[in-house]
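A.B. asks: Provided herewith: my_file_20.txt, compact mmCIF, C-alpha atoms.
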```
# COMPACT_ATOMS: atom_id res chain seq x y z
CA MET A 166 25.29 -40.42 5.84
CA ASN A 167 27.84 -42.16 8.02
CA GLN A 168 28.05 -41.45 11.76
CA GLU A 169 30.61 -38.67 11.35
CA GLU A 170 28.49 -36.94 8.71
CA LYS A 171 25.45 -37.26 10.96
CA ARG A 172 27.34 -35.60 13.82
CA ASN A 173 28.54 -32.81 11.54
CA PHE A 174 24.99 -32.29 10.25
CA ILE A 175 23.65 -31.95 13.80
CA LYS A 176 26.54 -29.72 14.88
CA LYS A 177 26.11 -27.40 11.90
CA ILE A 178 22.36 -27.04 12.53
CA GLU A 179 23.01 -26.28 16.20
CA SER A 180 25.44 -23.55 15.11
CA LEU A 181 22.59 -21.76 13.30
CA VAL A 182 20.65 -21.27 16.54
CA LYS A 183 22.05 -18.58 18.85
CA PRO A 184 19.87 -17.29 21.73
CA GLN A 185 21.49 -13.85 21.63
CA ASP A 186 20.42 -13.43 18.01
CA VAL A 187 16.94 -14.83 18.67
CA THR A 188 16.41 -12.15 21.34
CA ALA A 189 17.07 -9.37 18.83
CA ILE A 190 14.96 -11.06 16.15
CA SER A 191 12.09 -11.36 18.64
CA PHE A 192 12.30 -7.61 19.26
CA LEU A 193 12.05 -6.92 15.53
CA SER A 194 9.13 -9.35 15.25
CA SER A 195 7.21 -7.40 17.90
CA PHE A 196 7.88 -4.14 16.05
CA SER A 197 6.89 -5.63 12.69
CA LYS A 198 3.39 -6.58 13.91
CA SER A 199 2.27 -2.99 13.34
CA LEU A 200 3.14 -3.07 9.64
CA PRO A 201 0.53 -3.88 6.95
CA LYS A 202 0.31 -7.63 6.21
CA LYS A 203 1.58 -7.19 2.63
CA THR A 204 4.60 -5.30 3.94
CA GLN A 205 5.23 -8.01 6.51
CA HIS A 206 5.08 -10.65 3.79
CA LYS A 207 7.54 -8.74 1.60
CA PHE A 208 9.82 -8.30 4.59
CA ALA A 209 9.71 -12.05 5.30
CA GLN A 210 10.38 -12.92 1.64
CA SER A 211 13.31 -10.51 1.53
CA GLY A 212 14.80 -12.15 4.61
CA LYS A 213 14.50 -15.60 3.02
CA LYS A 214 16.52 -14.49 0.00
CA LYS A 215 19.32 -13.09 2.17
CA VAL A 216 19.50 -15.97 4.65
CA PRO A 217 19.47 -19.36 2.89
CA TYR A 218 19.22 -21.66 5.92
CA MET A 219 17.10 -21.66 9.07
CA GLY A 220 17.94 -24.14 11.81
CA PHE A 221 14.96 -25.90 13.39
CA ILE A 222 15.60 -28.13 16.41
CA VAL A 223 12.85 -30.05 18.21
CA ASP A 224 13.89 -31.11 21.70
CA PRO A 225 12.64 -34.16 23.65
CA TYR A 226 9.86 -35.12 24.22
CA SER A 227 7.81 -34.12 21.16
CA LEU A 228 4.28 -35.53 21.26
CA PHE A 229 2.07 -36.50 18.30
CA ILE A 230 -1.55 -37.58 18.73
CA SER A 231 -3.56 -38.70 15.69
CA PHE A 232 -7.33 -38.56 15.19
CA LYS A 233 -9.53 -40.11 12.51
CA ILE A 234 -11.23 -37.46 10.38
CA THR A 235 -14.98 -38.10 10.57
CA ASN A 236 -16.17 -35.13 8.50
CA THR A 237 -14.19 -35.46 5.29
CA SER A 238 -16.09 -32.76 3.37
CA ALA A 239 -15.38 -30.14 6.06
CA ALA A 240 -11.74 -31.25 6.21
CA GLN A 241 -11.38 -30.90 2.43
CA GLU A 242 -12.68 -27.32 2.62
CA MET A 243 -9.92 -26.51 5.11
CA LEU A 244 -7.18 -27.48 2.64
CA PRO A 245 -5.45 -24.94 0.40
CA ASN A 246 -5.96 -25.16 -3.35
CA GLY A 247 -4.18 -28.04 -5.01
CA TYR A 248 -4.60 -30.56 -2.19
CA GLU A 249 -6.92 -33.46 -1.46
CA LEU A 250 -7.45 -35.55 1.66
CA ALA A 251 -5.18 -38.57 1.89
CA GLU A 252 -5.35 -41.80 3.83
CA THR A 253 -2.35 -42.49 6.04
CA SER A 254 -1.19 -43.89 9.38
CA LEU A 255 1.46 -43.00 11.96
CA PHE A 256 2.91 -46.52 11.94
CA LYS A 257 4.12 -48.76 9.18
CA ASN A 258 1.60 -51.43 8.06
CA ASP A 259 -1.27 -49.94 10.09
CA SER A 260 -4.73 -49.37 8.62
CA LYS A 261 -4.87 -46.09 6.70
CA PHE A 262 -7.62 -43.47 6.78
CA PRO A 263 -7.89 -39.65 6.71
CA LEU A 264 -5.94 -38.27 9.67
CA ALA A 265 -5.67 -35.09 11.68
CA ILE A 266 -2.70 -34.79 14.00
CA ALA A 267 -1.95 -32.67 17.06
CA SER A 268 1.69 -32.06 17.94
CA VAL A 269 3.26 -30.43 20.98
CA PHE A 270 6.97 -29.67 21.06
CA SER A 271 9.67 -27.41 22.42
CA THR A 272 11.77 -25.89 19.67
CA ARG A 273 14.94 -23.89 19.17
CA THR A 274 15.24 -22.17 15.81
CA SER A 275 17.25 -19.40 14.16
CA GLY A 276 14.31 -17.03 14.67
CA PHE A 277 12.48 -18.10 17.81
CA ILE A 278 12.77 -20.34 20.85
CA GLY A 279 9.79 -21.72 22.74
CA MET A 280 6.85 -24.10 22.75
CA ARG A 281 4.38 -24.76 19.93
CA VAL A 282 1.20 -26.77 19.55
CA GLU A 283 0.33 -27.45 15.93
CA PHE A 284 -2.76 -29.07 14.41
CA TYR A 285 -2.50 -30.69 10.97
CA ILE A 286 -4.57 -32.35 8.29
CA ILE A 287 -2.67 -34.86 6.18
CA ALA A 288 -3.33 -34.27 2.48
CA ARG A 289 -1.89 -35.12 -0.90
CA ASN A 290 -0.46 -32.49 -3.22
CA LYS A 291 -2.18 -33.00 -6.57
CA GLU A 292 0.76 -31.64 -8.56
CA THR A 293 3.52 -33.74 -7.00
CA GLY A 294 1.50 -36.66 -5.65
CA LEU A 295 3.32 -36.28 -2.33
CA LEU A 296 1.74 -36.52 1.10
CA SER A 297 1.78 -33.17 2.88
CA TRP A 298 1.42 -31.90 6.43
CA ILE A 299 -1.06 -29.00 6.30
CA ILE A 300 -0.81 -26.75 9.39
CA CYS A 301 -4.40 -25.68 10.12
CA ASP A 302 -4.02 -24.05 13.53
CA TYR A 303 -1.35 -23.50 16.17
CA GLU A 304 -0.56 -21.90 19.52
CA THR A 305 2.79 -20.74 20.86
CA ASN A 306 4.38 -19.04 23.83
CA THR A 307 6.92 -17.22 21.67
CA ASN A 308 7.08 -15.07 18.55
CA SER A 309 6.03 -16.55 15.24
CA TYR A 310 5.19 -15.84 11.61
CA ASP A 311 2.55 -17.33 9.37
CA PRO A 312 1.27 -16.16 5.95
CA LYS A 313 -2.18 -15.14 7.21
CA ASN A 314 -1.33 -13.36 10.49
CA GLY A 315 2.16 -12.14 9.64
CA PHE A 316 4.44 -11.58 12.62
CA CYS A 317 2.54 -12.77 15.66
CA GLY A 318 2.80 -15.16 18.57
CA TYR A 319 2.46 -15.38 22.34
CA THR A 320 -1.03 -16.79 21.88
CA CYS A 321 -1.48 -18.97 24.95
CA ASP A 322 -1.45 -18.67 28.74
CA PRO A 323 -1.09 -21.10 30.40
CA ALA A 324 1.48 -22.62 28.07
CA LEU A 325 2.54 -25.66 30.07
CA TYR A 326 4.63 -28.30 28.32
CA THR A 327 6.93 -30.24 30.63
CA THR A 328 8.00 -33.63 31.98
CA THR A 329 7.99 -34.73 35.60
CA TYR A 330 10.28 -36.87 37.76
CA PHE A 331 7.46 -39.44 38.02
CA GLY A 332 7.44 -40.08 34.27
CA LYS A 333 4.59 -37.89 33.03
CA LEU A 334 4.43 -35.48 30.12
CA LEU A 335 2.07 -32.62 31.00
CA VAL A 336 0.44 -30.30 28.45
CA ASP A 337 -1.90 -27.46 29.41
CA ILE A 338 -2.49 -24.90 26.66
CA LYS A 339 -5.17 -22.22 26.58
CA ASN A 340 -5.79 -19.38 24.14
CA ARG A 341 -7.88 -16.96 26.22
CA THR A 342 -8.77 -14.84 23.18
CA ASN A 343 -10.81 -17.57 21.49
CA ASN A 344 -11.24 -19.78 24.57
CA LYS A 345 -9.55 -22.79 22.97
CA GLU A 346 -7.62 -25.28 25.10
CA PHE A 347 -5.62 -28.48 24.86
CA ILE A 348 -4.94 -30.35 28.12
CA VAL A 349 -3.20 -33.73 27.93
CA SER A 350 -1.07 -35.97 30.12
CA VAL A 351 0.99 -38.94 28.89
CA ASP A 352 2.76 -41.69 30.80
CA LEU A 353 6.24 -41.75 29.29
CA GLU A 354 7.19 -45.06 30.93
CA LYS A 355 4.55 -47.22 29.23
CA GLY A 356 5.55 -47.16 25.56
CA ASP A 357 7.48 -49.38 23.17
CA SER A 358 9.34 -48.46 19.99
CA ARG A 359 7.52 -48.96 16.69
CA GLU A 360 8.49 -48.39 13.06
CA LEU A 361 6.87 -45.33 11.47
CA ASP A 362 5.15 -45.00 8.10
CA GLU A 363 7.72 -43.70 5.59
CA SER A 364 5.25 -41.94 3.32
CA LEU A 365 3.94 -39.82 6.19
CA TRP A 366 7.15 -39.07 8.06
CA ILE A 367 9.59 -38.72 5.15
CA GLU A 368 7.53 -37.83 2.10
CA GLY A 369 5.06 -35.73 4.12
CA ASN A 370 7.75 -33.50 5.61
CA LEU A 371 9.04 -32.62 2.13
CA ASN A 372 5.89 -30.58 1.50
CA VAL A 373 4.46 -28.59 4.42
CA ASP A 374 1.77 -25.97 3.79
CA TYR A 375 -0.90 -23.87 5.54
CA GLY A 376 -4.67 -24.29 5.64
CA GLY A 377 -7.65 -24.10 7.97
CA GLU A 378 -7.49 -21.15 10.38
CA ILE A 379 -4.30 -19.88 8.71
CA LYS A 380 -5.06 -20.48 5.05
CA SER A 381 -3.80 -17.52 3.03
CA ASP A 382 -3.10 -16.35 -0.51
CA PHE A 383 0.44 -15.66 0.70
CA SER A 384 0.92 -19.31 1.67
CA GLU A 385 3.83 -21.16 0.07
CA PRO A 386 4.79 -24.79 0.71
CA PHE A 387 8.22 -25.48 2.20
CA SER A 388 10.41 -28.53 2.69
CA LEU A 389 12.15 -29.75 5.82
CA ILE A 390 15.66 -31.10 5.25
CA PHE A 391 16.58 -33.89 7.68
CA ASP A 392 18.24 -37.23 8.32
CA ILE A 393 15.59 -39.87 7.54
CA ASP A 394 16.91 -42.16 10.29
CA MET A 395 15.55 -39.58 12.74
CA VAL A 396 11.96 -40.50 11.83
CA LYS A 397 12.29 -44.25 11.33
CA GLU A 398 10.70 -45.12 14.66
CA ALA A 399 9.15 -43.57 17.75
CA ILE A 400 7.70 -44.62 21.10
CA ASN A 401 4.11 -45.81 20.80
CA ILE A 402 2.16 -44.80 23.91
CA PRO A 403 -0.86 -47.07 24.54
CA LEU A 404 -4.02 -44.98 24.58
CA GLU A 405 -4.93 -46.09 28.09
CA HIS A 406 -1.89 -44.12 29.21
CA VAL A 407 -2.97 -40.98 27.35
CA SER A 408 -5.43 -38.69 29.10
CA ILE A 409 -7.11 -35.90 27.11
CA LYS A 410 -8.82 -33.65 29.63
CA ALA A 411 -9.72 -30.96 27.09
CA ASN A 412 -9.36 -30.49 23.32
CA THR A 413 -11.30 -27.79 21.50
CA TYR A 414 -9.28 -27.89 18.25
CA LEU A 415 -10.50 -29.34 14.93
CA GLY A 416 -13.74 -30.37 16.64
CA ASN A 417 -15.66 -29.88 13.38
CA ILE A 418 -13.80 -32.74 11.67
CA ILE A 419 -12.75 -35.17 14.45
CA ASP A 420 -13.87 -36.56 17.76
CA PRO A 421 -11.40 -34.44 19.79
CA ASN A 422 -11.36 -36.84 22.74
CA LYS A 423 -10.98 -40.08 20.79
CA PRO A 424 -7.39 -40.42 19.49
CA VAL A 425 -6.17 -43.23 17.26
CA ASN A 426 -2.49 -43.26 18.25
CA ALA A 427 -0.03 -41.31 20.38
CA ILE A 428 3.74 -41.26 19.96
CA ILE A 429 6.76 -39.65 21.60
CA PHE A 430 10.17 -38.86 20.13
CA PRO A 431 12.53 -39.18 23.13
CA TYR A 432 15.46 -37.46 21.42
CA SER A 433 16.20 -34.14 19.71
CA GLN A 434 15.34 -33.83 16.03
CA HIS A 435 17.42 -31.59 13.79
CA PHE A 436 15.97 -29.99 10.66
CA ILE A 437 16.94 -27.19 8.33
CA ILE A 438 14.60 -25.12 6.21
CA LYS A 439 16.32 -23.95 3.04
CA GLN A 440 14.55 -20.65 2.64
CA ASP A 441 15.62 -19.98 -0.95
CA LEU A 442 14.66 -23.47 -2.11
CA GLN A 443 12.53 -23.63 -5.23
CA LYS A 444 9.03 -25.00 -4.66
CA TYR A 445 8.80 -28.80 -5.04
CA ALA A 446 12.57 -29.07 -5.49
CA VAL A 447 12.73 -31.92 -2.96
CA LYS A 448 10.50 -34.83 -3.93
CA ASN A 449 12.31 -37.94 -2.75
CA GLN A 450 15.16 -39.30 -0.65
CA LYS A 451 17.69 -38.68 -3.43
CA ASP A 452 16.80 -34.97 -3.51
CA LEU A 453 16.94 -34.90 0.29
CA ASP A 454 20.43 -36.41 0.32
CA LEU A 455 21.64 -33.86 -2.24
CA GLN A 456 20.36 -30.98 -0.07
CA ILE A 457 22.08 -32.43 3.00
CA LYS A 458 25.39 -32.78 1.15
CA SER A 459 25.09 -29.23 -0.19
CA PHE A 460 24.45 -27.91 3.33
CA LEU A 461 27.42 -29.82 4.79
CA SER A 462 29.80 -28.58 2.10
CA ARG A 463 28.61 -24.98 1.98
CA THR A 464 30.54 -22.31 3.89
CA GLY A 465 30.41 -18.55 4.21
CA PHE A 466 26.65 -18.23 3.80
CA LYS A 467 24.76 -15.59 5.76
CA ALA A 468 22.92 -16.76 8.88
CA MET A 469 20.19 -15.02 10.85
CA SER A 470 21.95 -12.51 13.09
CA GLY A 471 20.88 -10.08 15.76
CA ASP A 472 23.59 -7.68 14.59
CA ASP A 473 21.62 -7.05 11.40
CA ILE A 474 18.86 -5.65 13.61
CA LYS A 475 20.98 -4.01 16.28
CA LYS A 476 23.12 -1.93 13.90
CA PRO A 477 20.28 0.07 12.28
CA ILE A 478 18.66 0.51 15.71
CA TYR A 479 21.94 1.82 17.12
CA ARG A 480 22.24 4.18 14.15
CA MET A 481 18.72 5.52 14.73
CA VAL A 482 19.47 6.01 18.43
CA LEU A 483 22.72 7.81 17.60
CA ILE A 484 21.03 10.07 15.04
CA SER A 485 18.22 10.87 17.50
CA TYR A 486 20.82 11.64 20.18
CA LEU A 487 22.78 13.95 17.87
CA VAL A 488 19.58 15.75 16.81
CA LEU A 489 18.60 16.21 20.45
CA ILE A 490 22.05 17.57 21.36
CA SER A 491 21.90 19.95 18.39
CA ILE A 492 18.52 21.28 19.49
CA ILE A 493 19.76 21.81 23.05
CA VAL A 494 22.88 23.65 21.78
CA LEU A 495 20.76 25.88 19.54
CA LEU A 496 18.43 26.71 22.41
CA LEU A 497 21.38 27.64 24.63
CA ILE A 498 22.90 29.86 21.95
CA PHE A 499 19.70 31.67 21.08
```
Please express the file's structure as structure tokens.

C.D. replies:
Amino acid sequence: MNQEEKRNFIKKIESLVKPQDVTAISFLSSFSKSLPKKTQHKFAQSGKKKVPYMGFIVDPYSLFISFKITNTSAAQEMLPNGYELAETSLFKNDSKFPLAIASVFSTRTSGFIGMRVEFYIIARNKETGLLSWIICDYETNTNSYDPKNGFCGYTCDPALYTTTYFGKLLVDIKNRTNNKEFIVSVDLEKGDSRELDESLWIEGNLNVDYGGEIKSDFSEPFSLIFDIDMVKEAINIPLEHVSIKANTYLGNIIDPNKPVNAIIFPYSQHFIIKQDLQKYAVKNQKDLDLQIKSFLSRTGFKAMSGDDIKKPIYRMVLISYLVLISIIVLLLIF
């Protein structure tokens, strides 16, 4: 893409994210939690067919911390069927070994806005041969959906993720239900830019799946569609400027207080998830470019909208109101 196409790509993704619609969608998500999990899954699948694109924007400063997997057999058991552990690295030309990664980011999407902490195992899809990011656990301060838990979210309090005027990134996450926590501080002024490993950051994002704590029979891999220049490099934060005060995630497969690398993306990252995309349809940069061109040229498609939720609610309220008025009239007459 040239610079004008890149700007149009970003602008079009931003247009898919409207806070007023997210508010209504969040309300529906809270209501849907009471439905059976199979019904929730069918509801989610139906929505994907109607709405082809979901905007997914990660704002600065997204943090990624990698850990060497020390218990490979336990890590393999956490993977969904069809995957095997893979050796990789955050940076180009670094030594490769089995990795788990923790990520903290603030996101704006077509369906939710808020903070997320995600924990991944990097694996290889046996069918495609592609590296894959396997989400094994997560916390969030907003609504969410995953194949195992259905519509859920609001899992952590505190849910601190912020930067300070003195150059620190502060993370303080605690899930009080299971007593898990992740407390980290990073000095943002101490890093230098480094080139990232293409197989992990490009290939890996073309196949994202669920495992570990959220492994499910309903799980389906999905692809992120993005400008590859966005993940060419990031800020490497020396480990002496990364302080992990607490980490109780993935402790069965890593040393949770002994990271390998830490990086920061100091700019927004713009992705789309093509919800009606056939599984494994995007396998390389050529496929990625075709999806980007299709998105840029496509018009008139349906986007996630709060009106789709508000209208039936308004109708139910109106019907209830008319029924109530009718009952009152009947009581007055008789």

A.B. asks: Tell me, as a PyMOL selection string, which residues lie within 10 Å of Lys215 of chain A, counting only C-alpha atoms; anything in the same chain fewer than 6 positions away does not count.

C.D. replies: chain A and resi 440-441+466-469

A.B. asks: Provide the atom CA of Arg273 of chain A to atom CA of His406 of chain A distance in Å, to one decimal place.

C.D. replies: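 Interatomic distance here is 28.2 Å.
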
A.B. asks: Counting all atoms listed in the file, which residue out of A:Asn246, A:Ser364, A:Thr327, A:Ser462 sits closest to Asp382 of chain A?

C.D. replies: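 Among the listed residues, A:Asn246 lies closest to Asp382 of chain A.
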
A.B. asks: Given the choices A:Met280, A:Leu255, A:Ile178, A:Ala265, which gets closest to Asp420 of chain A if the distance is worked out from all atoms listed in the file?

C.D. replies: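 Residue with the minimum atom-to-atom distance to Asp420 of chain A: A:Ala265.
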
A.B. asks: Measuring between all atoms listed in the file, which one of A:Val223, A:Lys176, A:Asp186, A:Leu250 shows the shortest distance to Phe436 of chain A?

C.D. replies: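 Closest residue, counting all atoms listed in the file: A:Val223.
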
A.B. asks: What would the list of residues within 9 Å of (2.8, -25.2, 17.4) (file frame) look like as a VMD selection string, if all atoms listed in the file are what count?

C.D. replies: chain A and resid 267 to 271 280 to 284 300 302 to 305

A.B. asks: Generate the coordinates of all heavy atoms for segment 408-419 of chain A; report them as a compact mmCIF listing (two decimals), in the frame of the given file.

C.D. replies:
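rebuild34.txt, written as the output of this step:
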```txt
# COMPACT_ATOMS: atom_id res chain seq x y z
N SER A 408 -4.22 -39.31 28.56
CA SER A 408 -5.43 -38.69 29.10
C SER A 408 -5.65 -37.33 28.45
O SER A 408 -4.82 -36.43 28.58
CB SER A 408 -5.31 -38.52 30.62
OG SER A 408 -6.41 -37.79 31.14
N ILE A 409 -6.74 -37.19 27.72
CA ILE A 409 -7.11 -35.90 27.11
C ILE A 409 -8.21 -35.29 27.96
O ILE A 409 -9.37 -35.69 27.90
CB ILE A 409 -7.57 -36.07 25.65
CG1 ILE A 409 -6.45 -36.70 24.81
CG2 ILE A 409 -7.98 -34.72 25.06
CD1 ILE A 409 -6.82 -36.92 23.36
N LYS A 410 -7.84 -34.31 28.75
CA LYS A 410 -8.82 -33.65 29.63
C LYS A 410 -9.63 -32.62 28.87
O LYS A 410 -10.81 -32.41 29.15
CB LYS A 410 -8.10 -33.00 30.81
CG LYS A 410 -9.03 -32.40 31.85
CD LYS A 410 -8.27 -31.84 33.03
CE LYS A 410 -9.22 -31.23 34.05
NZ LYS A 410 -8.48 -30.67 35.22
N ALA A 411 -9.01 -31.95 27.89
CA ALA A 411 -9.72 -30.96 27.09
C ALA A 411 -9.05 -30.84 25.74
O ALA A 411 -7.82 -30.87 25.63
CB ALA A 411 -9.73 -29.60 27.78
N ASN A 412 -9.87 -30.73 24.68
CA ASN A 412 -9.36 -30.49 23.32
C ASN A 412 -10.46 -29.81 22.52
O ASN A 412 -11.45 -30.44 22.17
CB ASN A 412 -8.93 -31.79 22.64
CG ASN A 412 -8.44 -31.54 21.22
OD1 ASN A 412 -8.13 -30.41 20.85
ND2 ASN A 412 -8.38 -32.59 20.42
N THR A 413 -10.29 -28.54 22.25
CA THR A 413 -11.30 -27.79 21.50
C THR A 413 -10.80 -27.40 20.11
O THR A 413 -11.28 -26.45 19.51
CB THR A 413 -11.73 -26.53 22.28
OG1 THR A 413 -10.57 -25.76 22.62
CG2 THR A 413 -12.46 -26.91 23.55
N TYR A 414 -9.84 -28.16 19.58
CA TYR A 414 -9.28 -27.89 18.25
C TYR A 414 -9.77 -28.94 17.26
O TYR A 414 -9.86 -30.14 17.58
CB TYR A 414 -7.75 -27.88 18.30
CG TYR A 414 -7.20 -26.73 19.10
CD1 TYR A 414 -7.02 -26.84 20.48
CD2 TYR A 414 -6.87 -25.52 18.49
CE1 TYR A 414 -6.52 -25.78 21.22
CE2 TYR A 414 -6.37 -24.45 19.23
CZ TYR A 414 -6.20 -24.59 20.60
OH TYR A 414 -5.71 -23.55 21.34
N LEU A 415 -10.07 -28.48 16.05
CA LEU A 415 -10.50 -29.34 14.93
C LEU A 415 -11.75 -30.15 15.27
O LEU A 415 -11.99 -31.21 14.70
CB LEU A 415 -9.36 -30.28 14.50
CG LEU A 415 -8.04 -29.64 14.10
CD1 LEU A 415 -7.07 -30.71 13.61
CD2 LEU A 415 -8.23 -28.59 13.02
N GLY A 416 -12.56 -29.64 16.21
CA GLY A 416 -13.74 -30.37 16.64
C GLY A 416 -14.79 -30.55 15.55
O GLY A 416 -15.67 -31.40 15.68
N ASN A 417 -14.70 -29.76 14.48
CA ASN A 417 -15.66 -29.88 13.38
C ASN A 417 -15.35 -31.04 12.44
O ASN A 417 -16.19 -31.42 11.62
CB ASN A 417 -15.72 -28.59 12.57
CG ASN A 417 -14.39 -28.24 11.92
OD1 ASN A 417 -13.33 -28.44 12.54
ND2 ASN A 417 -14.42 -27.72 10.72
N ILE A 418 -14.15 -31.65 12.59
CA ILE A 418 -13.80 -32.74 11.67
C ILE A 418 -13.37 -34.02 12.38
O ILE A 418 -13.17 -35.05 11.73
CB ILE A 418 -12.68 -32.31 10.69
CG1 ILE A 418 -11.37 -31.97 11.44
CG2 ILE A 418 -13.13 -31.13 9.83
CD1 ILE A 418 -10.18 -31.79 10.52
N ILE A 419 -13.19 -33.99 13.70
CA ILE A 419 -12.75 -35.17 14.45
C ILE A 419 -13.56 -35.29 15.74
O ILE A 419 -14.23 -34.34 16.15
CB ILE A 419 -11.26 -35.10 14.81
CG1 ILE A 419 -10.99 -33.91 15.75
CG2 ILE A 419 -10.37 -35.05 13.57
CD1 ILE A 419 -9.59 -33.86 16.33
```
